[in-house]
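Notes follow once the structure below has been shown.
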Amino acid sequence: MNSILKDVLLRNKSILNQTTVRCFRTKGFTPGNKPGEARTIQEILRRQRLKDETLYYKIDIGLPYSKKISSEEQETRNQYIKSLKSNRELANLARKNEIQISFDEVTDEWVKTEGPSHLKKIADHYGIFEHLYGDAFFYPVAQLEIAYELDNGEYAPVCYGNQIKPNEAKKAPVVKIEPKADTYHTLVLCNLDGHLNADGKEYVHWFVGNIPNGDISKGDTIYEYLQPFPVYGSGYHRLVFVLYEQTQKLDYSSLPSKDIPSHKHDSRTFFTYDFYKDRQDIITPTGLRFFQSDWDTSVTEVFHKIFNIAEPRYEFEFPKPKINPQKWFPKKEPFNVYLDRYRDPKDVSKQVLLKKLKTHHPFIAPEPPLKYPHAHSMHDCKDKPTWLQTEIKKERLGWGKQVNDNLDILYPEKM
């Protein structure tokens, strides 16, 4: 009897300890309701620390995508890998770092396996899907290649967030779409960050619909191509290419495209969410490319010659620094630094420039800076005042008022 009672007491003690630990880990949440009382959905979600499904539920609106491959393809890959491992010639080249790998073959393999998943994560990182479709997303399974032809004959490819200047994107890019028999596509280029009048709206820069078998030259141009025009001071803009696959040929006559003059930038207002919502039973997003672009001089020509309006500019006016009234005898402050605070910035820049010109020669290169400034002693400067010794140390380290080798000085508005 004593042994049974001892077991019961030990068992109750362990249960009590588990309950105490559980209450401690949940930070105040009780283990549960009384027997016979069921918990509500709100209590269950609160206990599991879950977010509201109605707010954070994401839906896939693209074509089906799976990383898994069939057993036959896996067997074929295994045989191919075995044949490579048994090849002694390739093994010798690999040891010597002389083996050549086809970039195109690697890219094709990546696109068919892990590529769409990686691209989806990149697009989520840049907020592409959130600003295009809200709570929806898709996997870019279609092979889409886009590149801008430059003046020197080279091409600037559009990848996933790379930077392309407006001057490099003046002309419509070269587009290569994976052809599909008896299939139409629609390609839309829009700017997610460039609208001047409405928040959440976009500017459409290019719209080509009903592209047969991947040949974009035979498609219906709804909006003519317009180069990016990110406004000065507004930072980088995201310009996104989205490729839609159609189940049938569409009539885009309802879009206000060619009927409105191109010199009105408001005619380029576009909203991808509404565009897809009205045609979601017919079109499916399958391809994605996007780049970033910021202001250059070609944007001024767009506003003056195409839109016929003054170019807007966004600039931040920094307030003037607050300087305390000047004192006759400031304590614990180097007098040269203290006086420079109340001098005209032009005089300070002139003084630094003249000092730099004394060591410059039009035909002799300047002396290289000290490789190890702290290793040089200051014995030659012992007779000089402490403030001058500090200035010499700063010059050696490149601190304080300096002028670069191109003799660029700091003007007052840049100080």
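Naming scheme: A, B, ... for chains in displayed order of the structure tokens; residues 1 onward per chain; ligands 1 onward as shown.
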Per residue of range 102-211 of chain A within 8 Å of range 275-294 of chain A, which atom pair is closest and at what distance in Å (one decimal), using only C-alpha atoms, listed by chain and increasing number, as a tab-separated table?
residue	atom	partner	partner_atom	distance
A:Phe138	CA	A:Pro285	CA	6.9
A:Tyr139	CA	A:Thr286	CA	6.9
A:Pro140	CA	A:Gly287	CA	4.6
A:Val141	CA	A:Thr286	CA	5.7
A:Ala142	CA	A:Gly287	CA	4.9
A:Gln143	CA	A:Gly287	CA	6.8
A:Leu144	CA	A:Gly287	CA	6.1
A:Ile146	CA	A:Arg289	CA	7.7
A:Val158	CA	A:Phe291	CA	6.0
A:Cys159	CA	A:Arg289	CA	5.8
A:Tyr160	CA	A:Phe290	CA	5.2
A:Gly161	CA	A:Phe291	CA	4.4
A:Asn162	CA	A:Phe291	CA	5.0
A:Gln163	CA	A:Gln292	CA	4.7
A:Ile164	CA	A:Ser293	CA	5.4
A:Lys165	CA	A:Ser293	CA	5.3
A:Pro166	CA	A:Ser293	CA	6.5
Write a file of the selected residues as a PDB file, in the first residue's frame, keeping N, CA and C atoms.
ATOM      1  N   PHE A 138       2.719  34.268 -58.296  1.00  0.00           N
ATOM      2  CA  PHE A 138       2.844  33.196 -59.276  1.00  0.00           C
ATOM      3  C   PHE A 138       4.316  32.837 -59.420  1.00  0.00           C
ATOM      4  N   TYR A 139       4.563  31.641 -59.904  1.00  0.00           N
ATOM      5  CA  TYR A 139       5.919  31.170 -60.175  1.00  0.00           C
ATOM      6  C   TYR A 139       6.251  31.450 -61.647  1.00  0.00           C
ATOM      7  N   PRO A 140       7.332  32.186 -61.936  1.00  0.00           N
ATOM      8  CA  PRO A 140       7.702  32.484 -63.331  1.00  0.00           C
ATOM      9  C   PRO A 140       8.256  31.240 -64.036  1.00  0.00           C
ATOM     10  N   VAL A 141       7.373  30.419 -64.561  1.00  0.00           N
ATOM     11  CA  VAL A 141       7.784  29.164 -65.189  1.00  0.00           C
ATOM     12  C   VAL A 141       8.119  29.345 -66.665  1.00  0.00           C
ATOM     13  N   ALA A 142       7.647  30.410 -67.292  1.00  0.00           N
ATOM     14  CA  ALA A 142       7.901  30.619 -68.723  1.00  0.00           C
ATOM     15  C   ALA A 142       9.305  31.181 -68.928  1.00  0.00           C
ATOM     16  N   GLN A 143       9.950  30.739 -69.991  1.00  0.00           N
ATOM     17  CA  GLN A 143      11.272  31.244 -70.332  1.00  0.00           C
ATOM     18  C   GLN A 143      11.114  32.548 -71.113  1.00  0.00           C
ATOM     19  N   LEU A 144      11.561  33.637 -70.502  1.00  0.00           N
ATOM     20  CA  LEU A 144      11.424  34.976 -71.067  1.00  0.00           C
ATOM     21  C   LEU A 144      12.771  35.669 -71.011  1.00  0.00           C
ATOM     22  N   ILE A 146      14.803  39.242 -72.130  1.00  0.00           N
ATOM     23  CA  ILE A 146      14.625  40.634 -72.537  1.00  0.00           C
ATOM     24  C   ILE A 146      15.965  41.337 -72.403  1.00  0.00           C
ATOM     25  N   VAL A 158      17.756  42.395 -69.088  1.00  0.00           N
ATOM     26  CA  VAL A 158      16.849  42.654 -67.969  1.00  0.00           C
ATOM     27  C   VAL A 158      16.771  41.372 -67.163  1.00  0.00           C
ATOM     28  N   CYS A 159      17.244  41.421 -65.940  1.00  0.00           N
ATOM     29  CA  CYS A 159      17.276  40.219 -65.099  1.00  0.00           C
ATOM     30  C   CYS A 159      16.231  40.334 -64.001  1.00  0.00           C
ATOM     31  N   TYR A 160      16.667  40.431 -62.769  1.00  0.00           N
ATOM     32  CA  TYR A 160      15.762  40.472 -61.624  1.00  0.00           C
ATOM     33  C   TYR A 160      16.264  41.513 -60.638  1.00  0.00           C
ATOM     34  N   GLY A 161      16.013  42.783 -60.974  1.00  0.00           N
ATOM     35  CA  GLY A 161      16.398  43.876 -60.091  1.00  0.00           C
ATOM     36  C   GLY A 161      17.694  44.554 -60.460  1.00  0.00           C
ATOM     37  N   ASN A 162      18.307  44.244 -61.611  1.00  0.00           N
ATOM     38  CA  ASN A 162      19.521  44.934 -62.003  1.00  0.00           C
ATOM     39  C   ASN A 162      19.204  46.371 -62.409  1.00  0.00           C
ATOM     40  N   GLN A 163      20.230  47.196 -62.490  1.00  0.00           N
ATOM     41  CA  GLN A 163      20.059  48.625 -62.754  1.00  0.00           C
ATOM     42  C   GLN A 163      20.312  48.919 -64.227  1.00  0.00           C
ATOM     43  N   ILE A 164      19.358  49.630 -64.836  1.00  0.00           N
ATOM     44  CA  ILE A 164      19.473  50.078 -66.226  1.00  0.00           C
ATOM     45  C   ILE A 164      19.052  51.541 -66.264  1.00  0.00           C
ATOM     46  N   LYS A 165      19.878  52.393 -66.822  1.00  0.00           N
ATOM     47  CA  LYS A 165      19.600  53.818 -66.894  1.00  0.00           C
ATOM     48  C   LYS A 165      18.533  54.107 -67.958  1.00  0.00           C
ATOM     49  N   PRO A 166      17.746  55.199 -67.779  1.00  0.00           N
ATOM     50  CA  PRO A 166      16.763  55.560 -68.822  1.00  0.00           C
ATOM     51  C   PRO A 166      17.399  55.805 -70.182  1.00  0.00           C
TER      52      PRO A 166
END
Which polymer residues have any atom within 10 Å of an atom of Asp60 in chain A, counting only C-alpha atoms, with same-chain residues fewer than 3 positions away left out, as a ChimeraX atom specification? /A:63-65,135-139
Write the residues you've just listed into a file as a compact mmCIF listing (two decimals), in the first residue's frame, and include N, CA, C and O atoms for each of them.
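The resulting out38.txt:
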# COMPACT_ATOMS: atom_id res chain seq x y z
N LEU A 63 0.64 29.23 -63.36
CA LEU A 63 0.57 27.85 -63.81
C LEU A 63 1.13 26.93 -62.74
O LEU A 63 1.94 27.35 -61.90
N PRO A 64 0.70 25.67 -62.72
CA PRO A 64 1.21 24.75 -61.69
C PRO A 64 2.71 24.56 -61.81
O PRO A 64 3.26 24.46 -62.91
N TYR A 65 3.36 24.51 -60.66
CA TYR A 65 4.81 24.35 -60.62
C TYR A 65 5.17 23.39 -59.51
O TYR A 65 4.62 23.47 -58.40
N ASP A 135 -2.56 40.05 -52.51
CA ASP A 135 -2.26 38.81 -51.79
C ASP A 135 -2.02 37.62 -52.72
O ASP A 135 -2.05 36.49 -52.26
N ALA A 136 -1.82 37.85 -53.99
CA ALA A 136 -1.60 36.77 -54.96
C ALA A 136 -0.15 36.78 -55.44
O ALA A 136 0.56 37.78 -55.32
N PHE A 137 0.27 35.66 -55.99
CA PHE A 137 1.62 35.51 -56.53
C PHE A 137 1.59 34.44 -57.61
O PHE A 137 0.57 33.78 -57.84
N PHE A 138 2.72 34.27 -58.30
CA PHE A 138 2.84 33.20 -59.28
C PHE A 138 4.32 32.84 -59.42
O PHE A 138 5.21 33.63 -59.08
N TYR A 139 4.56 31.64 -59.90
CA TYR A 139 5.92 31.17 -60.18
C TYR A 139 6.25 31.45 -61.65
O TYR A 139 5.52 31.01 -62.54
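If you look at CA of Ile323 in chain A and CA of Glu395 in chain A, they are 25.7 Å away from each other.
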If we count only C-alpha atoms, what is near range 384-388 of chain A at a cut-off of 10 Å, once residues fewer than 2 positions away on the same chain are taken out, given as a PyMOL selection string? chain A and resi 333-337+380-382+390-394
Can you pull out the residues contacting Tyr252 in chain A? Cut-off 8 Å, using only C-alpha atoms, and skip same-chain residues under 3 positions away; I want them as number ranges by chain. A: 209, 222, 255
Those residues you just picked out, can you put them in a file as a PDB file, in the first residue's frame with N, CA and C atoms?
ATOM      1  N   GLY A 209      -0.322  42.860 -76.969  1.00  0.00           N
ATOM      2  CA  GLY A 209      -1.238  41.758 -76.723  1.00  0.00           C
ATOM      3  C   GLY A 209      -1.385  40.840 -77.914  1.00  0.00           C
ATOM      4  N   ILE A 222      -0.809  47.787 -78.093  1.00  0.00           N
ATOM      5  CA  ILE A 222      -1.858  48.596 -77.479  1.00  0.00           C
ATOM      6  C   ILE A 222      -1.284  49.921 -76.997  1.00  0.00           C
ATOM      7  N   LEU A 255      -9.326  49.459 -73.615  1.00  0.00           N
ATOM      8  CA  LEU A 255      -8.257  50.187 -72.944  1.00  0.00           C
ATOM      9  C   LEU A 255      -8.023  51.529 -73.631  1.00  0.00           C
TER      10      LEU A 255
END
Write out as a list in words the residues lying within 10 Å of range 264-266 of chain A, counting only C-alpha atoms and excluding same-chain residues fewer than 4 positions away. His195, Leu196, Asn197, Ala198, Tyr203, Val204, Ile260, Phe270, Phe303, Ile306, Phe307, Asn308 and Ile309 of chain A
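Near Thr297 in chain A, within 10 Å and counting only C-alpha atoms, sit A:Lys165, A:Pro166, A:Asn167, A:Phe229, A:Tyr232, A:Glu301, A:Val302; same-chain residues fewer than 4 positions away were not included.
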Please produce an output containing N, CA and C atoms for each residue in the selection, written as a tab-separated table (two decimals), in the first residue's frame.
chain	number	residue	atom	x	y	z
A	165	LYS	N	19.88	52.39	-66.82
A	165	LYS	CA	19.60	53.82	-66.89
A	165	LYS	C	18.53	54.11	-67.96
A	166	PRO	N	17.75	55.20	-67.78
A	166	PRO	CA	16.76	55.56	-68.82
A	166	PRO	C	17.40	55.81	-70.18
A	167	ASN	N	18.62	56.34	-70.19
A	167	ASN	CA	19.30	56.57	-71.47
A	167	ASN	C	19.60	55.26	-72.19
A	229	PHE	N	11.00	57.23	-67.13
A	229	PHE	CA	11.23	58.63	-66.79
A	229	PHE	C	11.12	58.84	-65.28
A	232	TYR	N	13.63	63.26	-60.92
A	232	TYR	CA	14.84	63.59	-60.17
A	232	TYR	C	14.53	63.63	-58.67
A	301	GLU	N	14.50	65.37	-71.33
A	301	GLU	CA	14.00	65.42	-72.71
A	301	GLU	C	12.60	64.82	-72.82
A	302	VAL	N	12.31	63.79	-72.04
A	302	VAL	CA	10.97	63.18	-72.09
A	302	VAL	C	9.91	64.18	-71.65
Residues of range 115-352 of chain A in helix (DSSP H, G or I) according to DSSP, as a ChimeraX atom specification? /A:115-125,128-133,166-169,216-218,265-268,272-278,297-306,335-340,345-352
From the options A:Lys346, A:Lys170, A:Lys180, A:His360, which residue's atoms come nearest to Glu245 in chain A, counting only C-alpha atoms?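 Using only C-alpha atoms, Glu245 in chain A sits closest to A:Lys180.
Here CA of Cys190 in chain A and CA of Arg268 in chain A stand 9.2 Å from one another.
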For each of A:Asn191, A:Ser66, A:Gln389, A:Thr40, take the minimum atom-to-atom distance to His131 in chain A, counting only C-alpha atoms, then give the residue where this is smallest. A:Asn191
For the structure I just gave you, how does DSSP split range 144-215 of chain A - specifically, which residues are strand (DSSP E)? Reply as a ChimeraX atom specification. /A:144-149,155-157,160-163,174-177,184-191,202-212
